[in-house]
file model.cif (mmCIF, C-alpha atoms)
data_upload
#
loop_
_atom_site.label_atom_id
_atom_site.label_comp_id
_atom_site.auth_asym_id
_atom_site.auth_seq_id
_atom_site.Cartn_x
_atom_site.Cartn_y
_atom_site.Cartn_z
CA MET A 1494 136.89 95.10 135.16
CA LYS A 1495 135.86 91.55 135.89
CA ILE A 1496 132.32 90.58 136.91
CA ASN A 1497 132.12 87.74 139.41
CA VAL A 1498 129.95 84.70 138.73
CA LYS A 1499 127.18 85.71 141.18
CA LYS A 1500 126.75 89.16 139.62
CA ARG A 1501 126.83 87.62 136.13
CA TRP A 1502 123.93 85.33 136.99
CA ILE A 1503 122.04 88.24 138.54
CA LEU A 1504 122.43 90.21 135.31
CA ILE A 1505 121.42 87.21 133.20
CA GLY A 1506 118.36 86.68 135.41
CA ALA A 1507 117.36 90.32 135.17
CA ALA A 1508 117.71 90.23 131.39
CA ALA A 1509 115.59 87.10 131.25
CA VAL A 1510 112.89 88.75 133.37
CA LEU A 1511 112.87 91.80 131.09
CA LEU A 1512 112.65 89.55 128.02
CA ILE A 1513 109.73 87.59 129.49
CA ALA A 1514 107.99 90.83 130.45
CA ALA A 1515 108.43 92.19 126.93
CA ILE A 1516 107.03 88.99 125.40
CA LEU A 1517 104.11 88.97 127.85
CA THR A 1518 103.36 92.63 127.12
CA ALA A 1519 103.36 91.98 123.39
CA VAL A 1520 101.03 89.01 123.85
CA LEU A 1521 98.64 91.00 126.03
CA VAL A 1522 98.62 93.95 123.64
CA SER A 1523 97.97 91.62 120.75
CA ALA A 1524 95.20 89.86 122.70
CA ASN A 1525 93.58 93.17 123.59
CA ARG A 1526 93.70 94.27 119.98
CA TYR A 1527 92.24 90.95 118.94
CA ARG A 1528 89.36 91.03 121.38
CA GLY A 1529 88.55 94.72 120.90
CA LYS A 1530 89.25 97.91 122.79
CA ILE A 1531 86.37 97.57 125.25
CA ARG A 1532 87.47 95.30 128.09
CA VAL A 1533 84.07 95.14 129.74
CA SER A 1534 84.95 92.71 132.50
CA GLU A 1535 87.52 95.26 133.72
CA GLU A 1536 85.69 98.48 132.77
CA LEU A 1537 82.05 97.81 133.56
CA LEU A 1538 81.93 100.71 136.01
CA SER A 1539 83.27 103.01 133.28
CA VAL A 1540 80.57 101.82 130.88
CA ASN A 1541 77.88 102.69 133.42
CA VAL A 1542 79.43 106.09 134.20
CA VAL A 1543 79.70 106.98 130.50
CA ASN A 1544 76.16 105.79 129.88
CA GLN A 1545 74.89 108.04 132.68
CA GLN A 1546 76.83 111.00 131.32
CA LEU A 1547 75.46 110.41 127.81
CA GLN A 1548 71.97 110.38 129.29
CA ASN A 1549 72.68 113.68 131.07
CA VAL A 1550 74.08 115.40 127.97
CA LEU A 1551 71.61 114.05 125.40
CA ALA A 1552 68.33 113.62 127.32
CA PRO A 1553 67.89 116.13 130.16
CA GLN A 1554 64.23 115.13 130.32
CA LEU A 1555 65.36 112.10 132.30
CA ASN A 1556 66.72 114.43 134.98
CA GLY A 1557 69.89 112.53 135.84
CA ARG A 1558 68.38 109.31 137.19
CA TRP A 1559 69.85 105.89 136.55
CA LEU A 1560 67.40 104.22 134.22
CA MET A 1561 69.45 101.32 133.00
CA TYR A 1562 72.39 99.52 134.56
CA PHE A 1563 74.91 97.12 133.03
CA GLN A 1564 75.30 94.08 135.25
CA ASP A 1565 78.31 91.80 135.64
CA THR A 1566 79.63 90.18 132.51
CA TYR A 1567 81.35 86.94 131.66
CA ASN A 1568 83.91 86.23 128.99
CA GLU A 1569 82.99 84.02 126.05
CA GLY A 1570 86.22 83.85 124.13
CA ARG A 1571 86.18 86.91 121.91
CA SER A 1572 83.02 88.46 123.35
CA TYR A 1573 81.42 89.49 126.63
CA SER A 1574 77.85 88.94 127.74
CA GLY A 1575 75.82 90.24 130.65
CA GLY A 1576 72.47 91.62 131.73
CA LEU A 1577 70.79 95.02 131.63
CA SER A 1578 68.45 95.90 134.47
CA TYR A 1579 65.73 98.52 134.20
CA ARG A 1580 63.13 99.45 136.77
CA ASP A 1581 60.84 102.41 136.41
CA LEU A 1582 57.32 103.77 136.32
CA ARG A 1583 55.71 104.08 132.91
CA LEU A 1584 52.34 104.74 131.32
CA PHE A 1585 50.86 101.53 129.93
CA LEU A 1586 47.71 100.68 128.05
CA ASN A 1587 45.69 98.13 130.00
CA GLY A 1588 44.80 95.11 127.88
CA GLU A 1589 41.28 94.69 129.30
CA ASP A 1590 39.68 98.13 129.21
CA ARG A 1591 42.30 99.81 126.98
CA GLN A 1592 42.78 102.61 129.49
CA ASP A 1593 46.08 104.09 130.58
CA ARG A 1594 47.62 103.02 133.86
CA LEU A 1595 50.78 104.05 135.64
CA VAL A 1596 52.55 100.75 136.24
CA SER A 1597 55.83 99.76 137.79
CA ALA A 1598 57.67 98.44 134.76
CA GLY A 1599 60.58 96.08 134.81
CA LEU A 1600 62.68 95.33 131.75
CA SER A 1601 65.24 92.61 131.63
CA CYS A 1602 67.48 91.79 128.71
CA SER A 1603 70.92 90.49 127.98
CA TYR A 1604 73.62 92.24 126.03
CA ARG A 1605 76.69 91.16 124.12
CA ILE A 1606 79.82 93.16 123.35
CA GLU A 1607 81.98 91.81 120.56
CA ASN A 1608 84.54 93.75 118.55
CA ASP A 1609 83.42 96.94 120.31
CA LYS A 1610 79.81 96.45 119.16
CA LEU A 1611 76.96 96.34 121.70
CA THR A 1612 73.83 94.37 120.87
CA ILE A 1613 70.68 93.82 122.93
CA GLU A 1614 69.28 90.29 123.14
CA ASP A 1615 66.45 88.34 124.77
CA ARG A 1616 64.40 91.35 125.90
CA TYR A 1617 61.39 90.66 128.10
CA TYR A 1618 59.19 92.64 130.48
CA ILE A 1619 59.00 91.60 134.09
CA ASP A 1620 55.49 93.07 134.48
CA LYS A 1621 53.28 91.71 131.71
CA VAL A 1622 51.24 94.64 130.38
CA ASP A 1623 50.16 95.89 126.99
CA HIS A 1624 51.79 99.22 126.33
CA PRO A 1625 51.65 101.82 123.55
CA TYR A 1626 55.39 102.54 123.61
CA GLU A 1627 57.57 99.70 122.40
CA THR A 1628 60.91 101.28 123.23
CA PHE A 1629 62.32 101.53 126.73
CA PHE A 1630 65.47 103.15 125.51
CA TYR A 1631 66.69 106.71 125.01
CA SER A 1632 66.23 107.19 121.26
CA ASP A 1633 62.66 108.47 121.64
CA LEU A 1634 63.92 111.28 123.90
CA LEU A 1635 66.69 112.64 121.66
CA ILE A 1636 65.89 116.02 120.06
CA PRO A 1637 67.59 116.77 116.70
CA ILE A 1638 69.55 120.02 116.82
CA GLY A 1639 67.74 121.29 113.73
CA GLU A 1640 64.46 121.40 115.64
CA PHE A 1641 65.72 124.37 117.64
CA TYR A 1642 66.33 126.44 114.51
CA ARG A 1643 62.92 126.03 112.95
CA ASN A 1644 60.81 129.16 112.79
CA ASN A 1645 58.11 129.74 115.37
CA VAL A 1646 55.39 129.71 112.70
CA ASP A 1647 56.39 126.38 111.14
CA GLU A 1648 53.37 124.10 111.08
CA ASP A 1649 51.28 124.50 114.28
CA PRO A 1650 53.35 125.51 117.31
CA LEU A 1651 52.21 123.84 120.52
CA ASP A 1652 50.42 126.21 122.88
CA LEU A 1653 51.26 125.24 126.46
CA SER A 1654 47.95 126.65 127.70
CA ARG A 1655 46.34 123.55 126.17
CA LEU A 1656 48.08 121.55 128.93
CA ALA A 1657 47.35 123.89 131.83
CA VAL A 1658 45.08 122.76 134.68
CA ASP A 1659 43.49 125.23 137.11
CA LYS A 1660 43.74 123.57 140.52
CA SER A 1661 40.92 125.74 141.89
CA ARG A 1662 38.48 124.08 139.47
CA LEU A 1663 39.31 120.43 140.10
CA ASP A 1664 36.01 119.95 141.94
CA ASP A 1665 34.11 120.70 138.72
CA PRO A 1666 33.58 117.39 136.85
CA ASP A 1667 32.81 119.14 133.55
CA TYR A 1668 36.03 121.14 133.74
CA CYS A 1669 38.02 117.99 134.61
CA ALA A 1670 36.50 116.12 131.65
CA GLU A 1671 37.40 118.99 129.31
CA ARG A 1672 40.98 119.13 130.65
CA VAL A 1673 41.44 115.36 130.34
CA ASP A 1674 40.28 115.50 126.70
CA ALA A 1675 42.76 118.31 126.04
CA LEU A 1676 45.60 116.42 127.70
CA ASN A 1677 44.80 113.24 125.78
CA ALA A 1678 44.87 115.19 122.51
CA VAL A 1679 48.36 116.58 123.20
CA LEU A 1680 49.95 113.60 124.96
CA GLY A 1681 48.43 110.79 122.92
CA THR A 1682 46.94 109.10 125.97
CA GLN A 1683 43.50 107.58 126.49
CA ILE A 1684 42.83 108.53 130.08
CA ARG A 1685 39.24 108.85 131.27
CA PRO A 1686 38.09 111.52 133.74
CA ASP A 1687 37.03 108.84 136.22
CA ASN A 1688 40.60 107.48 136.26
CA PRO A 1689 43.09 108.91 138.77
CA TRP A 1690 44.42 111.13 135.98
CA ARG A 1691 46.08 113.65 138.31
CA ASP A 1692 48.14 110.87 139.91
CA ILE A 1693 48.98 109.38 136.52
CA LEU A 1694 50.14 112.66 134.95
CA GLY A 1695 51.29 114.76 137.90
CA GLY A 1696 54.97 115.66 137.77
CA ARG A 1697 55.57 113.68 134.58
CA TYR A 1698 55.83 116.48 132.04
CA ALA A 1699 59.12 117.33 130.39
CA ILE A 1700 58.86 120.35 128.11
CA VAL A 1701 61.54 121.10 125.50
CA PHE A 1702 61.50 124.51 123.83
CA SER A 1703 63.71 126.80 121.76
CA LEU A 1704 64.91 130.24 122.84
CA ASP A 1705 64.37 133.52 121.02
CA PRO A 1706 67.49 134.00 118.86
CA ALA A 1707 66.94 137.77 118.89
CA LEU A 1708 67.86 137.88 122.59
CA SER A 1709 71.46 138.17 123.74
CA VAL A 1710 73.10 135.27 125.58
CA GLU A 1711 72.92 137.24 128.82
CA GLU A 1712 69.19 137.89 128.32
CA GLN A 1713 68.52 134.22 127.54
CA MET A 1714 70.48 132.97 130.53
CA THR A 1715 68.89 135.50 132.88
CA ALA A 1716 65.43 134.45 131.72
CA LEU A 1717 66.25 130.76 132.27
CA ALA A 1718 67.74 131.44 135.70
CA GLU A 1719 64.54 133.24 136.68
CA LEU A 1720 62.39 130.44 135.27
CA ASP A 1721 64.34 127.92 137.35
CA GLN A 1722 63.29 129.86 140.46
CA GLU A 1723 59.58 129.61 139.62
CA ALA A 1724 57.61 127.39 142.02
CA GLY A 1725 57.28 123.84 140.74
CA ILE A 1726 59.51 124.31 137.66
CA HIS A 1727 63.06 123.00 137.19
CA VAL A 1728 65.38 123.73 134.27
CA THR A 1729 67.14 120.38 133.86
CA GLY A 1730 69.22 121.20 130.79
CA ILE A 1731 70.15 124.03 128.44
CA TYR A 1732 70.83 123.08 124.82
CA TYR A 1733 73.61 124.91 123.00
CA ALA A 1734 74.85 125.31 119.44
CA TYR A 1735 77.79 123.24 118.22
CA SER A 1736 79.16 122.42 114.79
CA GLY A 1737 77.46 119.29 113.54
CA SER A 1738 74.62 117.94 111.46
CA HIS A 1739 71.18 119.29 112.27
CA GLU A 1740 69.98 115.68 112.26
CA LEU A 1741 72.20 114.72 115.21
CA PRO A 1742 70.81 114.94 118.76
CA ALA A 1743 71.38 118.33 120.35
CA LEU A 1744 73.80 118.47 123.27
CA CYS A 1745 72.96 120.15 126.54
CA LYS A 1746 74.51 121.39 129.72
CA PRO A 1747 72.69 119.41 132.44
CA PHE A 1748 71.52 121.18 135.58
CA ARG A 1749 70.59 119.72 138.94
CA ALA A 1750 68.99 121.21 142.02
CA ASP A 1751 72.43 121.92 143.53
CA ASP A 1752 73.77 123.37 140.25
CA PRO A 1753 72.27 126.87 139.88
CA ILE A 1754 72.22 128.52 136.46
CA ASN A 1755 74.78 131.25 135.94
CA PRO A 1756 72.76 134.13 134.47
CA GLU A 1757 75.77 135.44 132.52
CA VAL A 1758 77.55 132.46 130.94
CA LEU A 1759 76.96 128.90 129.76
CA ASP A 1760 80.05 126.70 130.00
CA PRO A 1761 79.24 123.11 128.99
CA ARG A 1762 82.84 121.83 128.93
CA GLU A 1763 82.74 120.02 132.26
CA SER A 1764 79.80 117.87 131.20
CA LEU A 1765 81.73 116.67 128.11
CA ARG A 1766 85.03 115.67 129.69
CA VAL A 1767 83.99 112.14 130.67
CA LEU A 1768 82.64 111.54 127.16
CA ALA A 1769 85.74 112.96 125.48
CA ALA A 1770 87.97 110.70 127.60
CA GLU A 1771 86.16 107.48 126.63
CA PRO A 1772 85.58 107.61 122.85
CA GLU A 1773 85.45 103.81 122.37
CA ILE A 1774 82.79 103.33 125.03
CA VAL A 1775 80.84 106.37 123.76
CA ASN A 1776 80.83 105.11 120.18
CA MET A 1777 79.85 101.62 121.31
CA LEU A 1778 76.86 102.94 123.27
CA LEU A 1779 75.71 105.53 120.72
CA SER A 1780 75.75 103.07 117.82
CA SER A 1781 73.68 100.56 119.80
CA GLU A 1782 69.94 100.15 120.11
CA LEU A 1783 70.07 102.10 123.39
CA TYR A 1784 70.55 105.37 121.51
CA GLY A 1785 68.98 104.48 118.18
CA GLY A 1786 72.21 103.99 116.26
CA VAL A 1787 73.53 107.55 116.56
CA THR A 1788 76.78 108.24 114.71
CA GLY A 1789 78.87 111.30 113.99
CA ILE A 1790 79.23 112.92 117.43
CA ASP A 1791 82.90 113.42 118.29
CA PHE A 1792 82.85 114.70 121.86
CA GLY A 1793 86.63 114.94 121.94
CA ALA A 1794 86.67 117.28 118.93
CA ILE A 1795 83.85 119.38 120.38
CA LEU A 1796 85.65 119.68 123.70
CA TRP A 1797 88.95 120.54 121.97
CA GLU A 1798 87.27 123.31 119.99
CA MET A 1799 85.70 124.68 123.16
CA GLU A 1800 88.98 124.71 125.04
CA GLN A 1801 90.78 126.58 122.25
CA SER A 1802 88.59 129.64 122.57
CA ASP A 1803 87.27 131.68 125.44
CA ARG A 1804 84.05 132.22 123.50
CA TRP A 1805 82.90 128.77 124.59
CA SER A 1806 82.72 130.03 128.14
CA THR A 1807 79.65 131.82 126.79
CA ALA A 1808 78.29 129.16 124.43
CA ASP A 1809 75.21 130.13 122.46
CA PRO A 1810 72.07 128.67 124.08
CA ILE A 1811 69.43 127.49 121.62
CA GLY A 1812 66.88 125.79 123.87
CA ALA A 1813 66.07 124.30 127.24
CA CYS A 1814 64.20 121.51 128.99
CA VAL A 1815 62.05 121.92 132.10
CA THR A 1816 60.40 119.36 134.34
CA LEU A 1817 57.81 119.81 137.09
CA ASP A 1818 57.75 119.03 140.77
CA LYS A 1819 56.70 115.53 141.76
CA GLU A 1820 52.90 115.10 141.42
CA SER A 1821 52.52 118.64 140.02
CA LEU A 1822 50.22 119.45 137.12
CA LEU A 1823 51.08 122.27 134.74
CA THR A 1824 49.18 125.27 136.10
CA PRO A 1825 48.25 128.39 134.08
CA GLU A 1826 50.89 130.29 136.07
CA MET A 1827 53.57 127.75 135.13
CA ALA A 1828 52.51 127.81 131.47
CA GLU A 1829 52.70 131.61 131.43
CA ALA A 1830 56.16 131.62 133.05
CA ILE A 1831 57.50 129.11 130.51
CA SER A 1832 55.87 130.95 127.60
CA LYS A 1833 57.79 134.12 128.49
CA VAL A 1834 61.04 132.26 127.80
CA CYS A 1835 59.80 129.83 125.15
CA TYR A 1836 60.21 130.89 121.51
CA ARG A 1837 58.72 127.66 120.15
CA CYS A 1838 57.56 124.65 122.14
CA ILE A 1839 59.22 121.68 120.48
CA ASP A 1840 57.96 118.72 122.47
CA VAL A 1841 56.13 117.69 125.62
CA GLN A 1842 57.18 114.27 126.86
CA LEU A 1843 55.58 112.10 129.47
CA VAL A 1844 58.71 110.88 131.18
CA SER A 1845 58.99 108.26 133.84
CA LYS A 1846 59.86 109.22 137.39
CA TYR A 1847 60.56 106.19 139.52
CA SER A 1848 59.80 106.77 143.18
#

call {"tool": "encode", "arguments": {"input": "model.cif", "output": "structure tokens"}}
result
Amino acid sequence: MKINVKKRWILIGAAAVLLIAAILTAVLVSANRYRGKIRVSEELLSVNVVNQQLQNVLAPQLNGRWLMYFQDTYNEGRSYSGGLSYRDLRLFLNGEDRQDRLVSAGLSCSYRIENDKLTIEDRYYIDKVDHPYETFFYSDLLIPIGEFYRNNVDEDPLDLSRLAVDKSRLDDPDYCAERVDALNAVLGTQIRPDNPWRDILGGRYAIVFSLDPALSVEEQMTALAELDQEAGIHVTGIYYAYSGSHELPALCKPFRADDPINPEVLDPRESLRVLAAEPEIVNMLLSSELYGGVTGIDFGAILWEMEQSDRWSTADPIGACVTLDKESLLTPEMAEAISKVCYRCIDVQLVSKYS
């Protein structure tokens, strides 16, 4: 069968288009491989979403708020550069009288991504204050998984009653002075009783504790669900056991106000799916200064293991994190409610709450 001249040229043209497309695809693939897997100029939204999910899963003390945001980038040949914005409230040490203040803190710095490596550069503080905490990043909030397995009698377990404040006695200056001294001793602050200490500290506690391993999963989850219903207390995350080094940060199932705790099961798979889908971005963020150079967490492998077995629909809880209502101090009633669930108090953080 003969092919007329017009059809022949159509076929030749189509073949040429396919050849050009193949060459262009090969060039683009090669260029992408050359410049790294993270194409930040195209995937900046994904970087921010993954960063938020990492914050949720690794640091429930932060309670799901955006703390840091990657701004627009520009291409510099083989690398990308841009800015990080941070705006929050933090405790600072005043340079004149050396007393703590709650100050609106702004951090600005630039970042560079090259060969899938994220580095922080040119950091400076928008509000010039002397502060006792150098880091503004997440690494100081990550709890090693091994901490949850340590025995209750190891060293000196923290008694939450040392932090409790009886609101009915706040008119007594001697009682207030004694409570401020106790709070300073636990929190490492230098607040004076004549400072607005209730405004500085109210609602800024995040308490991380382990759960009694002798209790069944159902008993642990029921106790946490009841604790979440206590006035002024919010369970923001439940830590669970997973196969990994005890030195790595523990993972948690994050909880929000509209995400009630199921008193029978703990299924953390949903909170890992974003992280498992973006391994390059996860590894880039975890290995950076933002997370203290964490390595060895394979969220994809953890999720795969969970999805192979129904037992992960009832993952073993090992600990939890609670925060307080805005402007709330830890009352004796709150301390008692937490102590009923708490096997060992691991840490009490003063976390920022921007409002």

call {"tool": "resolve_selection", "arguments": {"input": "model.cif", "expression": "the PyMOL selection byres ((chain A and resi 1689-1696) around 8)", "output": "JSON, numbers by chain"}}
result
{"A": [1584, 1594, 1595, 1673, 1684, 1685, 1686, 1687, 1688, 1697, 1698, 1816, 1817, 1818, 1819, 1820, 1821, 1822, 1843]}

call {"tool": "closest_residue", "arguments": {"input": "model.cif", "among": "A:Val1701, A:Ile1839, A:Ala1675, A:Met1827", "to": "Gln1722 (chain A)", "atoms": "all atoms listed in the file"}}
result
A:Met1827

call {"tool": "resolve_selection", "arguments": {"input": "model.cif", "expression": "the PyMOL selection byres ((chain A and resi 1606) around 12)", "output": "number ranges by chain"}}
result
A: 1528-1534, 1537, 1540, 1563, 1566-1576, 1603-1605, 1607-1614, 1774, 1777-1778, 1781

call {"tool": "closest_residue", "arguments": {"input": "model.cif", "among": "A:Leu1704, A:Leu1680, A:Val1550, A:Leu1634", "to": "Arg1762 (chain A)", "atoms": "only C-alpha atoms"}}
result
A:Val1550

call {"tool": "residues_around", "arguments": {"input": "model.cif", "residues": "Cys1835 (chain A)", "least_positions_apart": "2", "cutoff": "9 Å", "atoms": "all atoms listed in the file", "output": "PDB file with C-alpha atoms, in the coordinates of the input"}}
result
ATOM      1  CA  VAL A1701      61.540 121.100 125.500  1.00  0.00           C
ATOM      2  CA  PHE A1702      61.500 124.510 123.830  1.00  0.00           C
ATOM      3  CA  SER A1703      63.710 126.800 121.760  1.00  0.00           C
ATOM      4  CA  LEU A1704      64.910 130.240 122.840  1.00  0.00           C
ATOM      5  CA  ASP A1705      64.370 133.520 121.020  1.00  0.00           C
ATOM      6  CA  GLY A1812      66.880 125.790 123.870  1.00  0.00           C
ATOM      7  CA  ALA A1813      66.070 124.300 127.240  1.00  0.00           C
ATOM      8  CA  ALA A1830      56.160 131.620 133.050  1.00  0.00           C
ATOM      9  CA  ILE A1831      57.500 129.110 130.510  1.00  0.00           C
ATOM     10  CA  SER A1832      55.870 130.950 127.600  1.00  0.00           C
ATOM     11  CA  LYS A1833      57.790 134.120 128.490  1.00  0.00           C
ATOM     12  CA  ARG A1837      58.720 127.660 120.150  1.00  0.00           C
ATOM     13  CA  CYS A1838      57.560 124.650 122.140  1.00  0.00           C
TER      14      CYS A1838
END

call {"tool": "resolve_selection", "arguments": {"input": "model.cif", "expression": "the PyMOL selection byres ((chain A and resi 1775) around 10)", "output": "NGL selection string"}}
result
:A and (1540 or 1543-1544 or 1546-1547 or 1767-1774 or 1776-1780 or 1790-1792)

call {"tool": "closest_residue", "arguments": {"input": "model.cif", "among": "A:Val1646, A:Met1561, A:Cys1745, A:Leu1759", "to": "Tyr1631 (chain A)", "atoms": "all atoms listed in the file"}}
result
A:Met1561

call {"tool": "atom_distance", "arguments": {"input": "model.cif", "atom1": "CA of Ser1806 (chain A)", "atom2": "CA of Tyr1642 (chain A)"}}
result
21.6 Å

call {"tool": "atom_distance", "arguments": {"input": "model.cif", "atom1": "CA of Ala1794 (chain A)", "atom2": "CA of Tyr1732 (chain A)"}}
result
17.9 Å

call {"tool": "closest_residue", "arguments": {"input": "model.cif", "among": "A:Ala1734, A:Leu1663, A:Leu1717, A:Ala1828", "to": "Ile1754 (chain A)", "atoms": "only C-alpha atoms"}}
result
A:Leu1717

call {"tool": "atom_distance", "arguments": {"input": "model.cif", "atom1": "CA of Cys1669 (chain A)", "atom2": "CA of Gln1842 (chain A)"}}
result
21.0 Å

call {"tool": "decode", "arguments": {"input": "model.cif", "residues": "region 1712-1720 of chain A", "atoms": "all heavy atoms", "output": "PDB file, in the first residue's frame"}}
result
ATOM      1  N   GLU A1712      -6.409   0.485  78.876  1.00  0.00           N
ATOM      2  CA  GLU A1712      -6.380   1.263  80.115  1.00  0.00           C
ATOM      3  C   GLU A1712      -5.598   2.558  79.937  1.00  0.00           C
ATOM      4  O   GLU A1712      -6.002   3.626  80.433  1.00  0.00           O
ATOM      5  CB  GLU A1712      -5.764   0.425  81.236  1.00  0.00           C
ATOM      6  CG  GLU A1712      -6.641  -0.721  81.704  1.00  0.00           C
ATOM      7  CD  GLU A1712      -5.928  -1.656  82.667  1.00  0.00           C
ATOM      8  OE1 GLU A1712      -4.687  -1.806  82.545  1.00  0.00           O
ATOM      9  OE2 GLU A1712      -6.602  -2.223  83.549  1.00  0.00           O
ATOM     10  N   GLN A1713      -4.480   2.497  79.218  1.00  0.00           N
ATOM     11  CA  GLN A1713      -3.694   3.712  78.967  1.00  0.00           C
ATOM     12  C   GLN A1713      -4.480   4.719  78.141  1.00  0.00           C
ATOM     13  O   GLN A1713      -4.513   5.917  78.464  1.00  0.00           O
ATOM     14  CB  GLN A1713      -2.392   3.343  78.250  1.00  0.00           C
ATOM     15  CG  GLN A1713      -1.406   2.563  79.096  1.00  0.00           C
ATOM     16  CD  GLN A1713      -0.228   2.074  78.266  1.00  0.00           C
ATOM     17  OE1 GLN A1713      -0.350   1.808  77.061  1.00  0.00           O
ATOM     18  NE2 GLN A1713       0.926   1.958  78.892  1.00  0.00           N
ATOM     19  N   MET A1714      -5.113   4.246  77.069  1.00  0.00           N
ATOM     20  CA  MET A1714      -5.841   5.143  76.190  1.00  0.00           C
ATOM     21  C   MET A1714      -7.068   5.735  76.883  1.00  0.00           C
ATOM     22  O   MET A1714      -7.397   6.909  76.697  1.00  0.00           O
ATOM     23  CB  MET A1714      -6.259   4.405  74.919  1.00  0.00           C
ATOM     24  CG  MET A1714      -5.092   3.932  74.064  1.00  0.00           C
ATOM     25  SD  MET A1714      -4.053   5.294  73.482  1.00  0.00           S
ATOM     26  CE  MET A1714      -5.209   6.131  72.410  1.00  0.00           C
ATOM     27  N   THR A1715      -7.735   4.934  77.694  1.00  0.00           N
ATOM     28  CA  THR A1715      -8.891   5.443  78.436  1.00  0.00           C
ATOM     29  C   THR A1715      -8.464   6.532  79.408  1.00  0.00           C
ATOM     30  O   THR A1715      -9.126   7.578  79.522  1.00  0.00           O
ATOM     31  CB  THR A1715      -9.582   4.301  79.203  1.00  0.00           C
ATOM     32  OG1 THR A1715     -10.068   3.337  78.274  1.00  0.00           O
ATOM     33  CG2 THR A1715     -10.742   4.827  80.026  1.00  0.00           C
ATOM     34  N   ALA A1716      -7.335   6.315  80.086  1.00  0.00           N
ATOM     35  CA  ALA A1716      -6.834   7.311  81.036  1.00  0.00           C
ATOM     36  C   ALA A1716      -6.462   8.607  80.324  1.00  0.00           C
ATOM     37  O   ALA A1716      -6.744   9.707  80.825  1.00  0.00           O
ATOM     38  CB  ALA A1716      -5.636   6.752  81.796  1.00  0.00           C
ATOM     39  N   LEU A1717      -5.848   8.503  79.143  1.00  0.00           N
ATOM     40  CA  LEU A1717      -5.473   9.707  78.398  1.00  0.00           C
ATOM     41  C   LEU A1717      -6.701  10.427  77.849  1.00  0.00           C
ATOM     42  O   LEU A1717      -6.740  11.661  77.820  1.00  0.00           O
ATOM     43  CB  LEU A1717      -4.518   9.343  77.260  1.00  0.00           C
ATOM     44  CG  LEU A1717      -3.110   8.929  77.687  1.00  0.00           C
ATOM     45  CD1 LEU A1717      -2.322   8.389  76.500  1.00  0.00           C
ATOM     46  CD2 LEU A1717      -2.368  10.100  78.333  1.00  0.00           C
ATOM     47  N   ALA A1718      -7.694   9.669  77.400  1.00  0.00           N
ATOM     48  CA  ALA A1718      -8.928  10.288  76.917  1.00  0.00           C
ATOM     49  C   ALA A1718      -9.619  11.054  78.043  1.00  0.00           C
ATOM     50  O   ALA A1718     -10.145  12.157  77.831  1.00  0.00           O
ATOM     51  CB  ALA A1718      -9.859   9.223  76.342  1.00  0.00           C
ATOM     52  N   GLU A1719      -9.610  10.491  79.243  1.00  0.00           N
ATOM     53  CA  GLU A1719     -10.208  11.182  80.388  1.00  0.00           C
ATOM     54  C   GLU A1719      -9.394  12.408  80.778  1.00  0.00           C
ATOM     55  O   GLU A1719      -9.959  13.460  81.120  1.00  0.00           O
ATOM     56  CB  GLU A1719     -10.311  10.213  81.572  1.00  0.00           C
ATOM     57  CG  GLU A1719     -11.319   9.091  81.344  1.00  0.00           C
ATOM     58  CD  GLU A1719     -11.304   8.062  82.464  1.00  0.00           C
ATOM     59  OE1 GLU A1719     -10.402   8.160  83.345  1.00  0.00           O
ATOM     60  OE2 GLU A1719     -12.174   7.172  82.470  1.00  0.00           O
ATOM     61  N   LEU A1720      -8.065  12.298  80.704  1.00  0.00           N
ATOM     62  CA  LEU A1720      -7.219  13.447  81.027  1.00  0.00           C
ATOM     63  C   LEU A1720      -7.473  14.591  80.058  1.00  0.00           C
ATOM     64  O   LEU A1720      -7.468  15.764  80.440  1.00  0.00           O
ATOM     65  CB  LEU A1720      -5.743  13.032  80.982  1.00  0.00           C
ATOM     66  CG  LEU A1720      -4.718  14.127  81.293  1.00  0.00           C
ATOM     67  CD1 LEU A1720      -4.891  14.641  82.728  1.00  0.00           C
ATOM     68  CD2 LEU A1720      -3.298  13.615  81.077  1.00  0.00           C
TER      69      LEU A1720
END
